[in-house]
Each structure stands twice: as C-alpha cells, then as structure tokens.
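This is entry_33.pdb. It holds PDB, C-alpha atoms and all ligand atoms.
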```pdb
ATOM      1  CA  MET A   1    -106.756 251.113   9.786
ATOM      2  CA  LEU A   2    -107.431 251.174   6.041
ATOM      3  CA  ARG A   3    -110.865 252.694   6.680
ATOM      4  CA  ARG A   4    -109.751 255.476   9.006
ATOM      5  CA  LYS A   5    -109.205 259.078   7.961
ATOM      6  CA  ALA A   6    -105.482 259.767   8.410
ATOM      7  CA  GLN A   7    -104.341 262.778  10.432
ATOM      8  CA  PRO A   8    -102.150 265.629   9.117
ATOM      9  CA  VAL A   9     -98.441 265.564   9.918
ATOM     10  CA  ARG A  10     -97.692 268.332  12.447
ATOM     11  CA  SER A  11     -94.010 268.724  11.693
ATOM     12  CA  VAL A  12     -91.696 267.058   9.197
ATOM     13  CA  ASP A  13     -89.107 265.695  11.605
ATOM     14  CA  ALA A  14     -86.696 262.752  11.841
ATOM     15  CA  ALA A  15     -89.503 260.331  12.771
ATOM     16  CA  VAL A  16     -91.425 261.325   9.641
ATOM     17  CA  ARG A  17     -88.328 260.860   7.471
ATOM     18  CA  GLU A  18     -87.783 257.427   9.038
ATOM     19  CA  LEU A  19     -91.374 256.439   8.286
ATOM     20  CA  VAL A  20     -90.959 257.665   4.697
ATOM     21  CA  ALA A  21     -87.790 255.564   4.295
ATOM     22  CA  ASP A  22     -89.682 252.505   5.628
ATOM     23  CA  MET A  23     -92.507 253.176   3.198
ATOM     24  CA  PHE A  24     -90.130 253.364   0.218
ATOM     25  CA  ARG A  25     -88.604 250.026   1.291
ATOM     26  CA  THR A  26     -92.034 248.392   1.593
ATOM     27  CA  MET A  27     -93.196 249.812  -1.744
ATOM     28  CA  ASP A  28     -90.080 248.470  -3.468
ATOM     29  CA  LEU A  29     -90.418 245.042  -1.838
ATOM     30  CA  GLU A  30     -94.051 244.780  -2.891
ATOM     31  CA  GLU A  31     -93.277 246.233  -6.316
ATOM     32  CA  GLY A  32     -95.989 248.872  -6.060
ATOM     33  CA  ALA A  33     -96.125 252.237  -7.809
ATOM     34  CA  GLY A  34     -97.214 253.928  -4.598
ATOM     35  CA  LEU A  35     -97.872 253.325  -0.913
ATOM     36  CA  ALA A  36     -99.813 255.281   1.714
ATOM     37  CA  ALA A  37     -98.940 255.415   5.430
ATOM     38  CA  PRO A  38    -102.191 253.719   6.589
ATOM     39  CA  GLN A  39    -101.129 250.681   4.546
ATOM     40  CA  VAL A  40     -98.175 250.235   6.902
ATOM     41  CA  GLY A  41    -100.310 250.882   9.989
ATOM     42  CA  GLU A  42     -99.611 254.610  10.416
ATOM     43  CA  PRO A  43    -102.719 256.844  10.335
ATOM     44  CA  VAL A  44    -100.933 259.956   9.021
ATOM     45  CA  ARG A  45    -101.257 261.884   5.763
ATOM     46  CA  ILE A  46     -98.198 260.660   3.877
ATOM     47  CA  PHE A  47     -97.766 258.678   0.692
ATOM     48  CA  VAL A  48     -94.818 257.753  -1.472
ATOM     49  CA  THR A  49     -94.617 256.982  -5.183
ATOM     50  CA  GLY A  50     -92.019 255.699  -7.551
ATOM     51  CA  THR A  51     -91.595 253.308 -10.388
ATOM     52  CA  GLY A  52     -89.212 253.741 -13.265
ATOM     53  CA  GLU A  53     -91.372 251.420 -15.298
ATOM     54  CA  ARG A  54     -94.080 253.987 -15.955
ATOM     55  CA  ASP A  55     -92.271 257.257 -15.305
ATOM     56  CA  VAL A  56     -93.647 257.848 -11.808
ATOM     57  CA  PRO A  57     -91.117 259.979  -9.885
ATOM     58  CA  ARG A  58     -89.707 258.656  -6.625
ATOM     59  CA  ARG A  59     -91.105 261.124  -4.152
ATOM     60  CA  ALA A  60     -92.784 261.535  -0.763
ATOM     61  CA  PHE A  61     -95.989 263.563  -0.409
ATOM     62  CA  ILE A  62     -96.674 264.858   3.113
ATOM     63  CA  ASN A  63    -100.087 266.450   3.862
ATOM     64  CA  PRO A  64    -100.969 266.218   0.160
ATOM     65  CA  ALA A  65    -103.982 267.974  -1.344
ATOM     66  CA  ILE A  66    -105.377 267.915  -4.849
ATOM     67  CA  VAL A  67    -105.767 271.572  -5.756
ATOM     68  CA  ASP A  68    -107.081 271.160  -9.297
ATOM     69  CA  VAL A  69    -108.354 268.463 -11.656
ATOM     70  CA  GLY A  70    -109.009 268.612 -15.370
ATOM     71  CA  GLY A  71    -109.232 266.702 -18.587
ATOM     72  CA  GLU A  72    -111.485 263.765 -19.213
ATOM     73  CA  LEU A  73    -112.648 261.178 -16.724
ATOM     74  CA  GLU A  74    -110.918 257.946 -17.665
ATOM     75  CA  TRP A  75    -111.489 254.311 -16.691
ATOM     76  CA  MET A  76    -108.306 252.387 -15.900
ATOM     77  CA  GLU A  77    -107.681 249.061 -14.198
ATOM     78  CA  GLU A  78    -106.089 249.429 -10.756
ATOM     79  CA  GLY A  79    -104.795 247.057  -8.144
ATOM     80  CA  CYS A  80    -103.848 247.714  -4.524
ATOM     81  CA  LEU A  81    -101.081 246.269  -2.336
ATOM     82  CA  SER A  82    -103.616 246.043   0.508
ATOM     83  CA  LEU A  83    -106.132 244.046  -1.564
ATOM     84  CA  PRO A  84    -104.076 241.167  -2.963
ATOM     85  CA  GLY A  85    -105.481 239.641  -6.126
ATOM     86  CA  ILE A  86    -108.181 242.260  -6.590
ATOM     87  CA  ARG A  87    -108.155 244.443  -9.687
ATOM     88  CA  GLY A  88    -110.842 246.541 -11.268
ATOM     89  CA  SER A  89    -111.613 249.577 -13.371
ATOM     90  CA  VAL A  90    -111.737 252.906 -11.559
ATOM     91  CA  ARG A  91    -112.794 256.176 -13.170
ATOM     92  CA  ARG A  92    -110.702 259.247 -12.381
ATOM     93  CA  PRO A  93    -109.777 262.639 -13.879
ATOM     94  CA  VAL A  94    -106.763 262.448 -16.186
ATOM     95  CA  THR A  95    -105.107 265.713 -15.139
ATOM     96  CA  VAL A  96    -104.345 266.502 -11.512
ATOM     97  CA  THR A  97    -102.496 269.291  -9.716
ATOM     98  CA  ILE A  98    -101.237 268.237  -6.311
ATOM     99  CA  ARG A  99     -99.677 270.261  -3.503
ATOM    100  CA  ALA A 100     -97.697 268.680  -0.649
ATOM    101  CA  LEU A 101     -94.638 268.993   1.573
ATOM    102  CA  ASP A 102     -91.433 267.139   0.769
ATOM    103  CA  VAL A 103     -89.213 265.359   3.334
ATOM    104  CA  ASP A 104     -87.523 268.693   4.096
ATOM    105  CA  GLY A 105     -90.874 270.289   4.910
ATOM    106  CA  ARG A 106     -90.867 272.404   1.767
ATOM    107  CA  GLU A 107     -94.094 272.890  -0.166
ATOM    108  CA  PHE A 108     -94.209 271.875  -3.811
ATOM    109  CA  GLU A 109     -96.861 271.696  -6.474
ATOM    110  CA  GLU A 110     -96.976 269.541  -9.581
ATOM    111  CA  THR A 111     -99.398 268.881 -12.447
ATOM    112  CA  ARG A 112     -99.417 265.622 -14.389
ATOM    113  CA  SER A 113    -101.714 264.008 -16.957
ATOM    114  CA  ASP A 114    -100.246 260.502 -16.952
ATOM    115  CA  PHE A 115     -99.985 257.413 -14.780
ATOM    116  CA  ALA A 116     -98.419 259.459 -11.958
ATOM    117  CA  ALA A 117    -101.660 261.469 -11.640
ATOM    118  CA  ARG A 118    -103.554 258.183 -11.355
ATOM    119  CA  VAL A 119    -101.230 256.950  -8.582
ATOM    120  CA  TRP A 120    -101.598 260.231  -6.645
ATOM    121  CA  GLN A 121    -105.384 259.894  -6.644
ATOM    122  CA  HIS A 122    -105.277 256.237  -5.568
ATOM    123  CA  GLU A 123    -102.872 256.990  -2.693
ATOM    124  CA  LEU A 124    -104.724 260.120  -1.585
ATOM    125  CA  ASP A 125    -107.900 258.038  -1.350
ATOM    126  CA  HIS A 126    -106.091 255.783   1.151
ATOM    127  CA  LEU A 127    -105.582 258.815   3.422
ATOM    128  CA  ASP A 128    -109.366 259.242   3.510
ATOM    129  CA  GLY A 129    -110.122 255.561   4.076
ATOM    130  CA  ILE A 130    -111.284 255.007   0.492
ATOM    131  CA  LEU A 131    -110.349 251.832  -1.403
ATOM    132  CA  ILE A 132    -110.630 250.887  -5.078
ATOM    133  CA  ILE A 133    -113.501 248.511  -4.246
ATOM    134  CA  ASP A 134    -115.539 251.636  -3.354
ATOM    135  CA  LYS A 135    -114.943 253.211  -6.762
ATOM    136  CA  MET A 136    -114.888 250.222  -9.112
ATOM    137  CA  SER A 137    -117.291 249.880 -11.992
ATOM    138  CA  PRO A 138    -120.416 247.980 -10.866
ATOM    139  CA  ILE A 139    -119.518 244.958 -13.005
ATOM    140  CA  ASP A 140    -116.009 244.724 -11.488
ATOM    141  CA  ARG A 141    -117.427 245.132  -8.000
ATOM    142  CA  LEU A 142    -119.674 242.127  -8.644
ATOM    143  CA  ARG A 143    -116.770 240.166 -10.090
ATOM    144  CA  VAL A 144    -114.540 240.666  -6.993
ATOM    145  CA  ARG A 145    -117.358 240.319  -4.439
ATOM    146  CA  ARG A 146    -116.203 236.902  -3.220
ATOM    147  CA  GLN A 147    -112.550 237.948  -2.897
ATOM    148  CA  VAL A 148    -113.534 241.076  -0.953
ATOM    149  CA  LYS A 149    -115.652 238.977   1.374
ATOM    150  CA  ASP A 150    -112.745 236.588   1.984
ATOM    151  CA  LEU A 151    -110.376 239.483   2.737
ATOM    152  CA  LYS A 152    -112.839 240.956   5.219
ATOM    153  CA  LEU A 153    -113.096 237.604   7.008
ATOM    154  CA  ALA A 154    -109.307 237.358   7.137
ATOM    155  CA  ALA A 155    -109.129 240.852   8.645
ATOM    156  CA  GLY A 156    -111.508 239.906  11.440
ATOM    157  CA  GLY A 157    -114.934 240.700  10.108
ATOM    158  CA  ASP A 158    -115.279 244.436   9.640
ATOM    159  CA  GLY A 159    -112.652 245.121   7.024
TER     160      GLY A 159
HETATM  161 ZN    ZN B   1    -103.872 250.956  -2.643
END
```

Encoded form (structure tokens):
Amino acid sequence: MLRRKAQPVRSVDAAVRELVADMFRTMDLEEGAGLAAPQVGEPVRIFVTGTGERDVPRRAFINPAIVDVGGELEWMEEGCLSLPGIRGSVRRPVTVTIRALDVDGREFEETRSDFAARVWQHELDHLDGILIIDKMSPIDRLRVRRQVKDLKLAAGGDG
C-alpha cells in the first residue's frame, strides 16, 4: 500500500469527510505532524496536517499538487509514522506553493517557507509511493539499513 500511487478523489462527499476525520484522529493519536491516506490503507490522494507545536495548520488536502517551489534546498531530519524508529536527513526546497481541495470541495492555494512546507512535501510523497528512505542522505540510508530490512520482513518481504 505504501508503495502504490494513490488515485485522485472523484468527488468530495460524506465518505471522504469521514475518512478525513479518521485520519485526523489517527494523526493525533500517533502525535504526527501529518498523515497521508495510504498510511491508513486508503489509496486515495488525501493528506492531513496539523500540529500546534510547530505552527502547522490543521487542514485536509484533497487532490493536492505542488504548483511552485523556491528558495534553497535544505537538509532536515524527518521521521515517518509508517517507519517507526527510522529518522534521517532529507533534502527539500524551503518554499512551496500547494493547491488542493478542502473538505467542502473548494480549491485553495497556499505558500509557506517553514515546517508546514516540509510536511506538505513529505505527505505528498506518500501519495506517489515515495518514502523518506528513498530520499535520505546516503550516510543516513546506510545507518538505517538494518531497521529498514527488519520492517520489510515484518511487512511480508516486499515492503
Ligand atoms: Zn510519512
């Protein structure tokens, strides 16, 4: 599931809003800054964000797309709720403009240059089957090699 490309949401209906509510609950329970639908077993293009701790707004992004990036490329350590215990440095653009639908099906666009922009990029990667272990610095990838191998075994062999 985590390696599949998620499909666009056709219409923002009650079922979508229910899934979004479930995702917020899961994100809060796991104390994450964001969560993508494939992480809860749903292969659709939705993610949620929110943590007061680092000024990431509580919001759902349906059919999100990054429409512009800018600023420097910056290394920052990331973790992932789907890869327990694994953390590593990932390099991403600092400034991102994202466009998505909200839970009422209305399009919005936002530009950030802070931790929220980092979370958007991490969660959007999940919708394309990309994980932080694919983007980590080579030295971090080596460092977490054993843990990744153990996770793959636990998941049944092919990750
Ligand atoms: Zn993640």

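If only C-alpha atoms and all ligand atoms are the atoms counted, then among A:Lys152, A:His126, A:Arg146, A:Lys5 the closest residue to ligand ZN 1 (chain B) is A:His126.
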
For this session: Could you tell me which residues the PyMOL selection byres (((not hetatm)) within 6 of (chain B and resi 1)) returns for this structure, as an MDAnalysis selection string?
Result: chainID A and resid 80:82

For this session: Give as a list in words every residue, naming chains and numbers as the document does, that has an atom within 7 Å of (-104.8, 260.8, 4.5), counting all atoms listed in the file.
Result: Lys5, Ala6, Gln7, Val44, Arg45, Ile46, Leu124, His126, Leu127 and Asp128 of chain A

Problem set entry | Near-A:Val144 list (8 Å; only C-alpha atoms; drop same-chain fewer than 3 positions) as a count of residues only | 6

For this session: Enumerate, as a list of chain:residue names, the residues matched when the PyMOL selection byres (((chain A and resi 27-34) around 7) and not hetatm) is run on the file above.
Result: A:Met23, A:Phe24, A:Arg25, A:Thr26, A:Leu35, A:Ala36, A:Val48, A:Thr49, A:Gly50, A:Thr51, A:Leu81, A:Val119, A:Glu123

Exercise. Do you have the atom CA of A:Gly41-atom CA of A:Arg145 distance handy?
Worked result: 24.7 Å
